[in-house]
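Engineer: To be precise about what I am sending: the file is called structure.txt and holds compact mmCIF, C-alpha atoms.
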# COMPACT_ATOMS: atom_id res chain seq x y z
CA MET Y 1 -22.21 12.69 30.95
CA ALA Y 2 -19.77 13.00 33.82
CA ARG Y 3 -17.93 16.14 34.85
CA GLU Y 4 -14.63 14.82 33.43
CA ASP Y 5 -16.26 14.49 30.00
CA SER Y 6 -17.59 18.05 30.14
CA VAL Y 7 -14.17 19.35 31.22
CA ALA Y 8 -12.47 17.38 28.42
CA LEU Y 9 -14.87 18.84 25.85
CA LEU Y 10 -14.34 22.37 27.13
CA ALA Y 11 -10.55 21.85 27.03
CA LYS Y 12 -10.95 21.16 23.30
CA GLY Y 13 -13.05 24.31 22.92
CA GLU Y 14 -16.27 22.34 22.52
CA ILE Y 15 -19.31 23.37 24.54
CA PRO Y 16 -21.63 20.83 26.17
CA LYS Y 17 -25.19 21.91 25.33
CA ARG Y 18 -26.17 22.25 28.96
CA TYR Y 19 -23.63 25.09 29.37
CA GLN Y 20 -24.24 26.75 25.99
CA ARG Y 21 -26.15 29.72 27.44
CA ASN Y 22 -23.43 30.34 30.05
CA ILE Y 23 -20.57 30.74 27.60
CA GLY Y 24 -21.33 34.22 26.22
CA THR Y 25 -21.04 35.54 29.78
CA ILE Y 26 -18.25 33.50 31.39
CA GLY Y 27 -16.47 31.97 28.38
CA VAL Y 28 -15.23 28.42 27.81
CA ASP Y 29 -12.36 28.93 30.23
CA GLY Y 30 -14.71 30.31 32.90
CA GLN Y 31 -17.02 27.31 32.55
CA LYS Y 32 -14.07 24.93 32.82
CA ARG Y 33 -12.90 26.72 35.95
CA LEU Y 34 -16.34 26.42 37.54
CA LEU Y 35 -16.46 22.69 36.85
CA GLU Y 36 -13.07 22.28 38.50
CA SER Y 37 -14.03 24.35 41.58
CA HIS Y 38 -14.93 23.38 45.14
CA VAL Y 39 -17.53 25.38 47.04
CA ALA Y 40 -18.90 24.86 50.55
CA VAL Y 41 -22.45 26.07 51.12
CA VAL Y 42 -23.12 26.37 54.84
CA GLY Y 43 -26.86 26.27 55.35
CA ALA Y 44 -29.42 24.80 52.93
CA GLY Y 45 -32.46 26.87 53.94
CA GLY Y 46 -33.87 30.02 52.32
CA LEU Y 47 -30.59 31.39 50.99
CA GLY Y 48 -28.82 28.05 50.63
CA GLY Y 49 -31.56 26.29 48.63
CA ASN Y 50 -31.53 29.02 45.99
CA ILE Y 51 -27.72 29.26 45.93
CA ILE Y 52 -27.34 25.48 45.50
CA GLU Y 53 -29.88 25.45 42.66
CA LEU Y 54 -28.12 28.31 40.84
CA LEU Y 55 -24.58 26.97 41.32
CA ALA Y 56 -25.66 23.51 40.14
CA ARG Y 57 -27.16 24.95 36.96
CA GLN Y 58 -24.20 27.26 36.42
CA GLY Y 59 -21.94 24.20 36.68
CA VAL Y 60 -19.84 24.43 39.85
CA GLY Y 61 -18.18 20.99 39.92
CA PHE Y 62 -18.11 20.20 43.63
CA MET Y 63 -20.37 21.41 46.42
CA ARG Y 64 -20.09 20.48 50.07
CA ILE Y 65 -23.50 21.23 51.59
CA ILE Y 66 -23.53 21.54 55.36
CA ASP Y 67 -26.80 21.58 57.31
CA GLY Y 68 -27.89 19.49 60.30
CA ASP Y 69 -31.48 20.74 60.21
CA SER Y 70 -34.59 19.12 58.69
CA PHE Y 71 -37.37 20.79 56.71
CA ALA Y 72 -40.44 21.95 58.64
CA PRO Y 73 -43.76 23.44 57.48
CA VAL Y 74 -42.61 26.99 58.38
CA ASN Y 75 -39.90 26.65 55.68
CA LEU Y 76 -42.40 26.13 52.85
CA ASN Y 77 -42.99 29.84 52.16
CA ARG Y 78 -39.44 30.53 50.98
CA GLN Y 79 -37.06 27.57 51.01
CA LEU Y 80 -36.72 26.17 47.49
CA LEU Y 81 -35.87 22.66 48.68
CA ALA Y 82 -38.73 22.51 51.17
CA THR Y 83 -41.70 20.76 49.58
CA GLU Y 84 -44.61 18.89 51.07
CA ARG Y 85 -42.66 15.72 50.24
CA THR Y 86 -39.40 16.77 51.96
CA ILE Y 87 -40.86 17.87 55.33
CA GLY Y 88 -38.94 16.06 58.06
CA MET Y 89 -35.97 15.25 55.79
CA ASN Y 90 -32.43 16.52 56.33
CA LYS Y 91 -31.79 19.69 54.32
CA ALA Y 92 -28.30 18.73 53.08
CA ALA Y 93 -29.51 15.31 51.92
CA VAL Y 94 -32.49 16.85 50.07
CA ALA Y 95 -30.12 19.34 48.43
CA ALA Y 96 -27.86 16.54 47.19
CA ASP Y 97 -30.89 14.78 45.69
CA ARG Y 98 -32.01 17.98 43.96
CA VAL Y 99 -28.54 18.66 42.48
CA ALA Y 100 -28.40 15.09 41.14
CA GLN Y 101 -31.66 15.77 39.28
CA VAL Y 102 -30.46 19.11 37.89
CA ASN Y 103 -26.84 18.45 36.90
CA SER Y 104 -25.04 15.10 37.18
CA ASP Y 105 -21.73 16.88 36.43
CA VAL Y 106 -21.87 18.27 39.97
CA GLN Y 107 -20.49 16.15 42.78
CA VAL Y 108 -22.14 16.83 46.15
CA HIS Y 109 -20.90 15.96 49.59
CA ALA Y 110 -23.92 16.30 51.88
CA VAL Y 111 -22.95 16.87 55.52
CA PRO Y 112 -26.01 16.45 57.79
CA VAL Y 113 -24.53 18.23 60.81
CA MET Y 114 -24.17 21.86 61.85
CA LEU Y 115 -20.82 23.54 61.35
CA ASN Y 116 -19.05 24.14 64.67
CA GLU Y 117 -15.63 25.02 66.03
CA LYS Y 118 -14.61 21.35 66.08
CA ASN Y 119 -15.53 20.34 62.52
CA ALA Y 120 -15.02 23.66 60.70
CA VAL Y 121 -11.38 23.15 59.67
CA GLU Y 122 -12.03 19.69 58.27
CA LEU Y 123 -15.20 20.75 56.43
CA LEU Y 124 -13.88 24.00 54.96
CA SER Y 125 -10.27 23.10 54.12
CA GLY Y 126 -9.59 22.76 50.41
CA MET Y 127 -12.63 24.80 49.36
CA ASP Y 128 -12.15 27.60 46.83
CA VAL Y 129 -15.08 29.61 48.20
CA VAL Y 130 -17.30 29.30 51.27
CA VAL Y 131 -20.90 30.57 51.20
CA ASP Y 132 -22.57 31.90 54.34
CA ALA Y 133 -26.22 30.83 54.10
CA LEU Y 134 -26.71 30.52 57.85
CA ASP Y 135 -29.51 32.02 59.91
CA SER Y 136 -27.89 33.05 63.18
CA ILE Y 137 -25.41 35.81 63.86
CA ASP Y 138 -23.24 33.78 66.27
CA ASN Y 139 -22.68 31.06 63.68
CA ARG Y 140 -21.98 33.62 60.96
CA LEU Y 141 -19.24 35.21 63.09
CA LEU Y 142 -17.70 31.77 63.71
CA LEU Y 143 -17.84 30.88 60.02
CA CYS Y 144 -16.26 34.20 59.02
CA SER Y 145 -13.36 33.85 61.46
CA MET Y 146 -12.75 30.27 60.30
CA ALA Y 147 -12.84 31.21 56.61
CA GLN Y 148 -10.46 34.11 57.17
CA GLU Y 149 -8.11 31.89 59.19
CA LEU Y 150 -8.13 29.30 56.39
CA ARG Y 151 -7.67 32.13 53.85
CA ILE Y 152 -10.78 31.21 51.87
CA PRO Y 153 -13.07 33.92 50.46
CA LEU Y 154 -16.51 33.96 52.11
CA VAL Y 155 -19.67 35.14 50.38
CA HIS Y 156 -22.04 36.46 53.04
CA ALA Y 157 -25.72 37.32 52.91
CA ALA Y 158 -28.43 37.83 55.50
CA ILE Y 159 -32.10 38.73 55.15
CA ALA Y 160 -35.09 40.02 57.09
CA GLY Y 161 -38.44 41.21 55.78
CA PHE Y 162 -37.94 43.41 52.70
CA THR Y 163 -34.23 43.86 53.46
CA GLY Y 164 -31.05 41.97 52.76
CA GLN Y 165 -27.30 42.43 52.68
CA ILE Y 166 -24.63 40.72 50.61
CA GLY Y 167 -20.84 40.99 50.69
CA THR Y 168 -17.69 39.07 49.84
CA ILE Y 169 -15.29 38.76 52.77
CA LEU Y 170 -11.69 38.32 51.66
CA PRO Y 171 -9.07 36.75 53.98
CA THR Y 172 -7.35 40.08 54.63
CA GLY Y 173 -10.39 42.35 54.30
CA PRO Y 174 -12.88 43.57 56.91
CA GLY Y 175 -14.85 40.68 58.43
CA LEU Y 176 -18.39 40.28 59.68
CA ASP Y 177 -17.34 41.76 63.02
CA LYS Y 178 -17.52 45.11 61.18
CA ILE Y 179 -21.25 44.49 60.74
CA TYR Y 180 -22.17 42.48 63.82
CA GLY Y 181 -19.37 43.57 66.12
CA LYS Y 182 -21.38 45.57 68.62
CA ALA Y 183 -20.98 44.46 72.23
CA ASN Y 184 -24.65 43.63 72.73
CA CYS Y 185 -25.00 41.55 69.60
CA PRO Y 186 -28.12 39.36 69.72
CA ASP Y 187 -28.09 35.97 68.04
CA ARG Y 188 -30.92 37.01 65.74
CA GLY Y 189 -31.58 40.25 63.93
CA ILE Y 190 -34.79 41.99 62.89
CA GLU Y 191 -35.95 38.84 61.09
CA ALA Y 192 -37.23 37.81 64.53
CA VAL Y 193 -39.85 40.57 64.05
CA LEU Y 194 -40.20 40.83 60.27
CA GLY Y 195 -39.90 37.16 59.30
CA ASN Y 196 -38.62 36.13 55.85
CA PRO Y 197 -41.03 36.31 52.90
CA ALA Y 198 -40.59 34.28 49.72
CA THR Y 199 -38.81 36.82 47.52
CA THR Y 200 -36.09 38.22 49.80
CA PRO Y 201 -33.92 35.06 50.12
CA ALA Y 202 -34.17 34.46 46.36
CA LEU Y 203 -32.94 37.98 45.59
CA ALA Y 204 -30.05 37.85 48.06
CA ALA Y 205 -29.11 34.29 47.02
CA ALA Y 206 -28.94 35.23 43.33
CA ILE Y 207 -26.45 37.98 44.10
CA GLN Y 208 -24.48 35.63 46.38
CA ALA Y 209 -24.29 32.98 43.65
CA GLN Y 210 -23.09 35.64 41.22
CA GLU Y 211 -20.36 36.61 43.68
CA VAL Y 212 -19.26 32.96 43.79
CA VAL Y 213 -19.13 32.80 39.98
CA LYS Y 214 -17.10 36.02 39.81
CA LEU Y 215 -14.65 34.79 42.46
CA LEU Y 216 -14.17 31.44 40.71
CA THR Y 217 -13.84 32.77 37.17
CA GLY Y 218 -11.99 35.98 38.00
CA ILE Y 219 -14.51 37.92 35.91
CA GLY Y 220 -15.76 41.32 37.07
CA GLU Y 221 -15.58 42.92 40.51
CA THR Y 222 -16.81 41.33 43.71
CA ILE Y 223 -18.55 43.23 46.52
CA ASN Y 224 -15.45 43.12 48.73
CA HIS Y 225 -14.70 45.60 51.53
CA ARG Y 226 -18.32 46.67 51.01
CA LEU Y 227 -21.82 45.50 51.70
CA LEU Y 228 -24.68 45.67 49.23
CA TYR Y 229 -27.75 46.57 51.25
CA PHE Y 230 -31.23 46.40 49.74
CA ASP Y 231 -34.67 47.34 50.96
CA THR Y 232 -37.24 46.48 48.32
CA GLU Y 233 -40.03 48.18 50.28
CA LEU Y 234 -38.57 51.58 49.33
CA ASN Y 235 -36.43 50.52 46.33
CA ILE Y 236 -33.16 51.17 48.14
CA TYR Y 237 -30.00 49.47 46.81
CA GLU Y 238 -26.84 50.84 48.40
CA LEU Y 239 -23.20 49.82 48.51
CA LEU Y 240 -21.88 50.52 52.01
CA ASN Y 241 -18.17 50.94 52.64
CA LEU Y 242 -17.05 48.61 55.46
CA GLU Y 243 -13.52 49.95 55.84
CA MET M 244 -25.90 71.93 63.49
CA GLN M 245 -28.13 70.14 61.01
CA ILE M 246 -27.64 66.40 60.51
CA GLU M 247 -29.28 64.49 57.70
CA VAL M 248 -30.46 61.12 58.96
CA ARG M 249 -31.64 58.06 57.10
CA LEU M 250 -33.23 55.25 59.09
CA PHE M 251 -33.45 51.76 57.64
CA ALA M 252 -35.97 48.94 58.05
CA THR M 253 -37.39 48.64 61.59
CA LEU M 254 -35.61 51.84 62.71
CA ARG M 255 -38.02 53.83 60.53
CA GLY M 256 -40.59 53.07 63.21
CA TYR M 257 -38.82 55.63 65.44
CA ALA M 258 -39.71 58.47 63.05
CA GLN M 259 -43.43 58.24 62.43
CA SER M 260 -43.43 61.73 60.88
CA ALA M 261 -40.94 60.57 58.21
CA PRO M 262 -42.37 57.37 56.72
CA ARG M 263 -39.44 57.00 54.31
CA GLY M 264 -37.02 57.29 57.22
CA VAL M 265 -35.32 60.46 55.94
CA LEU M 266 -35.20 63.40 58.34
CA THR M 267 -33.09 66.37 59.37
CA ILE M 268 -32.15 66.67 63.04
CA ASP M 269 -30.91 69.82 64.76
CA MET M 270 -28.14 69.03 67.23
CA PRO M 271 -25.82 71.09 69.46
CA GLU M 272 -22.24 71.52 68.21
CA GLY M 273 -19.90 68.73 69.36
CA GLY M 274 -22.60 66.06 69.35
CA THR M 275 -21.77 62.46 68.51
CA THR M 276 -23.60 59.66 66.75
CA ALA M 277 -24.53 58.28 70.19
CA ASP M 278 -26.16 61.63 71.04
CA LEU M 279 -28.04 61.55 67.75
CA ILE M 280 -29.34 58.03 68.39
CA ALA M 281 -30.47 59.06 71.89
CA LYS M 282 -32.19 62.19 70.50
CA LEU M 283 -34.12 60.02 68.05
CA GLY M 284 -35.28 57.85 70.97
CA ILE M 285 -33.61 54.79 69.47
CA ASN M 286 -32.22 52.03 71.68
CA ALA M 287 -28.51 51.94 70.71
CA ASP M 288 -28.56 48.14 70.87
CA GLU M 289 -30.82 48.16 67.81
CA VAL M 290 -28.21 49.97 65.68
CA HIS M 291 -25.61 47.61 64.22
CA LEU M 292 -24.25 49.44 61.26
CA LEU M 293 -23.67 53.14 61.36
CA MET M 294 -22.57 55.04 58.28
CA VAL M 295 -21.39 58.67 58.42
CA ASN M 296 -20.91 60.27 55.00
CA GLY M 297 -20.65 56.79 53.48
CA LEU M 298 -18.06 55.44 55.93
CA ASN M 299 -18.57 52.72 58.52
CA SER M 300 -18.33 54.58 61.82
CA PRO M 301 -18.31 53.95 65.59
CA LEU M 302 -20.99 54.97 68.05
CA SER M 303 -18.75 57.69 69.44
CA GLN M 304 -18.16 59.43 66.10
CA ALA M 305 -18.16 63.24 66.40
CA LEU M 306 -20.59 64.88 63.98
CA ALA M 307 -20.32 68.08 61.97
CA GLU M 308 -22.79 70.35 60.18
CA GLY M 309 -24.32 68.70 57.15
CA ASP M 310 -23.15 65.17 57.97
CA ARG M 311 -25.24 62.38 56.48
CA VAL M 312 -25.86 59.52 58.90
CA GLY M 313 -27.37 56.13 58.04
CA LEU M 314 -28.54 53.83 60.84
CA PHE M 315 -29.09 50.11 60.17
CA PRO M 316 -30.53 47.42 62.44
CA PRO M 317 -29.00 43.90 62.45
CA VAL M 318 -30.12 41.56 59.68
CA GLY M 319 -29.37 37.90 60.34
CA GLY M 320 -31.92 35.63 58.67
CA GLY M 321 -31.27 33.01 56.07
Represent the supplied structure as C-alpha cells.

Structural biologist:
Amino acid sequence: MAREDSVALLAKGEIPKRYQRNIGTIGVDGQKRLLESHVAVVGAGGLGGNIIELLARQGVGFMRIIDGDSFAPVNLNRQLLATERTIGMNKAAVAADRVAQVNSDVQVHAVPVMLNEKNAVELLSGMDVVVDALDSIDNRLLLCSMAQELRIPLVHAAIAGFTGQIGTILPTGPGLDKIYGKANCPDRGIEAVLGNPATTPALAAAIQAQEVVKLLTGIGETINHRLLYFDTELNIYELLNLE
Amino acid sequence: MQIEVRLFATLRGYAQSAPRGVLTIDMPEGGTTADLIAKLGINADEVHLLMVNGLNSPLSQALAEGDRVGLFPPVGGG
C-alpha cells in the first residue's frame, strides 16, 4: 500500500493495520499529519539510525537522510544500520534500504554527502522538522544556525559515555550556541574520552524521535528553551533551563 | 560563603573525595563561578554548560551564599 492510500483511509476515519497501535496515542489526525510530513535527518550513525527506524515505524511520510560517511567496523557496537553486511556502504543509502523494508509508505531521499554551508539551504528548505544526529560540534552549530535562519524547528541530541542531552531548538528560541558557545569550543566533546556504548544513542534517539512526533502532531510539550540531560551511570535526568 | 556544587560526567574526576560529584565548597564573599572552577582545579575550557540555581549562567557570574552550581562538560557524539 502506498502512502496516498494510507492517507485516504485515515481521511475516512479508517485505520491501516500497520498504524493501529499508534492511534490511541496520536489519534487518526495525528497519524495523517505524520504521513504528510517532511523531516530531514542529518547524520545516519548512532543517533540517526535509531531515529530513522523509529520515524519509519511511526509513519513519517517523507525523510531526507543526509550522510556522506560509510559504515566501518567501529560503528558496529551502537549504530543500528551498521551490520557486517553494510560495512563500507554509504550510511544514507543503507538507511533508505532499511526504511523500504520497514514501511513502504515512507518516501526517502538519501543524500550521500555531508551537509555544508553550500548545500544546507537546498537540503533543508521545505522540511517541517530537522533532526541533528551529527557527531561534531562545529557541524551542529552550522546546522542550528541554518535551521533557525530557515525557521525550521531543530531536534538536537548529543551523547558521550553514559551521558546524553536532548532539546528542541525553535527558530526564535535559544540556539546551540547557548550550549557550545564558549570561546575555546573543541570540535569534539567528552565522547573523545568516553566513547559511545550501545545503549546511550538508542536512549537519546528515542527521545529525539518523540520530540519530532510531538512537533509534527502538535501533541504535548516539546523540550524547547531547555535541555534534557541524562547520566545513566548515576540515574540523573534533569531539565536544564537554557534561557 | 558555602556553595553547593554538582559535577557531571568527566568533571567528577576532579573531586575524587565525592564520587557522585556532589560537594560543598567554602568560598570568599564576592567570588564568581570562574573562581569556583579554579578552586576545584578544573580547566575552564572543560566546562561548557554552567547552571546557577537552575539558570544557564556565564563564567563571570557572581555567587552568593547557598547557590547551587552545576558544571557540565561538552557532549558532542552521535

Engineer: Please check the contacts: residues of chain M at most 7 Å away from chain Y, using all atoms listed in the file, listed as a list in words.

Structural biologist: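 Every residue of chain M that passes the 7 Å test is in Asp288, His291, Leu292, Gly297, Leu298, Asn299, Pro316, Pro317, Val318, Gly319, Gly320 and Gly321 of chain M.
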
Engineer: Could you pull the residues within 6 Å of Gly61 (chain Y), counting only C-alpha atoms, minus those fewer than 4 positions along the same chain, as a list in words?

Structural biologist: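 Result of the neighbour search: Leu35, Glu36, Ser37 and Val106 of chain Y.
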
Engineer: Find the distance between CA of Ala206 (chain Y) and CA of Leu55 (chain Y) and write it in Å to one decimal.

Structural biologist: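 Result for CA of Ala206 (chain Y) versus CA of Leu55 (chain Y): 9.6 Å, one decimal.
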
Engineer: Excluding Ile280 (chain M) and any residue of its chain fewer than 6 positions from it, enumerate the residues within 9 Å of it, using all atoms listed in the file, and give them as a list of chain:residue names.

Structural biologist: M:Asn286, M:Ala287, M:Val290, M:Leu302, M:Leu314

Engineer: Compile the contact shell of Val295 (chain M) as a list in words: residues with an atom at most 12 Å away, counting all atoms listed in the file, same-chain residues fewer than 6 positions apart removed.

Structural biologist: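 So the residues in contact are Leu240, Asn241 and Leu242 of chain Y; Ile246, Glu247, Val248, Arg249, Thr275, Thr276, Leu279, Pro301, Leu302, Ser303, Gln304, Ala305, Leu306, Ala307, Glu308, Gly309, Asp310, Arg311, Val312, Gly313, Leu314 and Phe315 of chain M.
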
Engineer: So which residues touch region 69-73 of chain Y within 8 Å, counting all atoms listed in the file, skipping near sequence neighbours fewer than 3 positions away, as a PyMOL selection string?

Structural biologist: chain Y and resi 76+82+84+86-91+112-114

Engineer: Would you please work out which residue, of Y:Asp105, Y:Gln20, Y:Ala147, Y:Asn50, is nearest to Thr199 (chain Y) when using only C-alpha atoms?

Structural biologist: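 Looking only at the distances to Thr199 (chain Y), the closest residue turns out to be Y:Asn50.
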
Engineer: For CA of Val99 (chain Y) and CA of Arg57 (chain Y), determine how far apart the two atoms are, in Å to one decimal place.

Structural biologist: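 Separating CA of Val99 (chain Y) from CA of Arg57 (chain Y) is a distance of 8.5 Å.
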
Engineer: Please report the interatomic distance between CA of Cys144 (chain Y) and CA of Val213 (chain Y) in Å with one decimal.

Structural biologist: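 About the pair CA of Cys144 (chain Y) and CA of Val213 (chain Y): they are 19.3 Å apart.
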
Engineer: Tell me which protein, DNA and RNA residues are within 7 Å of Tyr257 (chain M), counting all atoms listed in the file, leaving out same-chain ones fewer than 6 positions away, and put them as a ChimeraX atom specification.

Structural biologist: /M:283-285

Engineer: With all atoms listed in the file as the atoms that count, which of M:Met294, M:Met244, M:Leu250, M:Met270 lies nearest to Lys282 (chain M)?

Structural biologist: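 The closest residue to Lys282 (chain M) is M:Met270.
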
Engineer: So, with only C-alpha atoms as the atoms that count, which of M:Ala281, M:Arg255, M:Gln245, M:Leu293 lies closest to Asp269 (chain M)?

Structural biologist: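 The answer is M:Gln245, which sits nearest to Asp269 (chain M).
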
Engineer: For Ala100 (chain Y), which residue among Y:Arg151, Y:Asn119, Y:Phe62, Y:Ile15 is the nearest when counting all atoms listed in the file?

Structural biologist: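 The closest residue to Ala100 (chain Y) is Y:Phe62.
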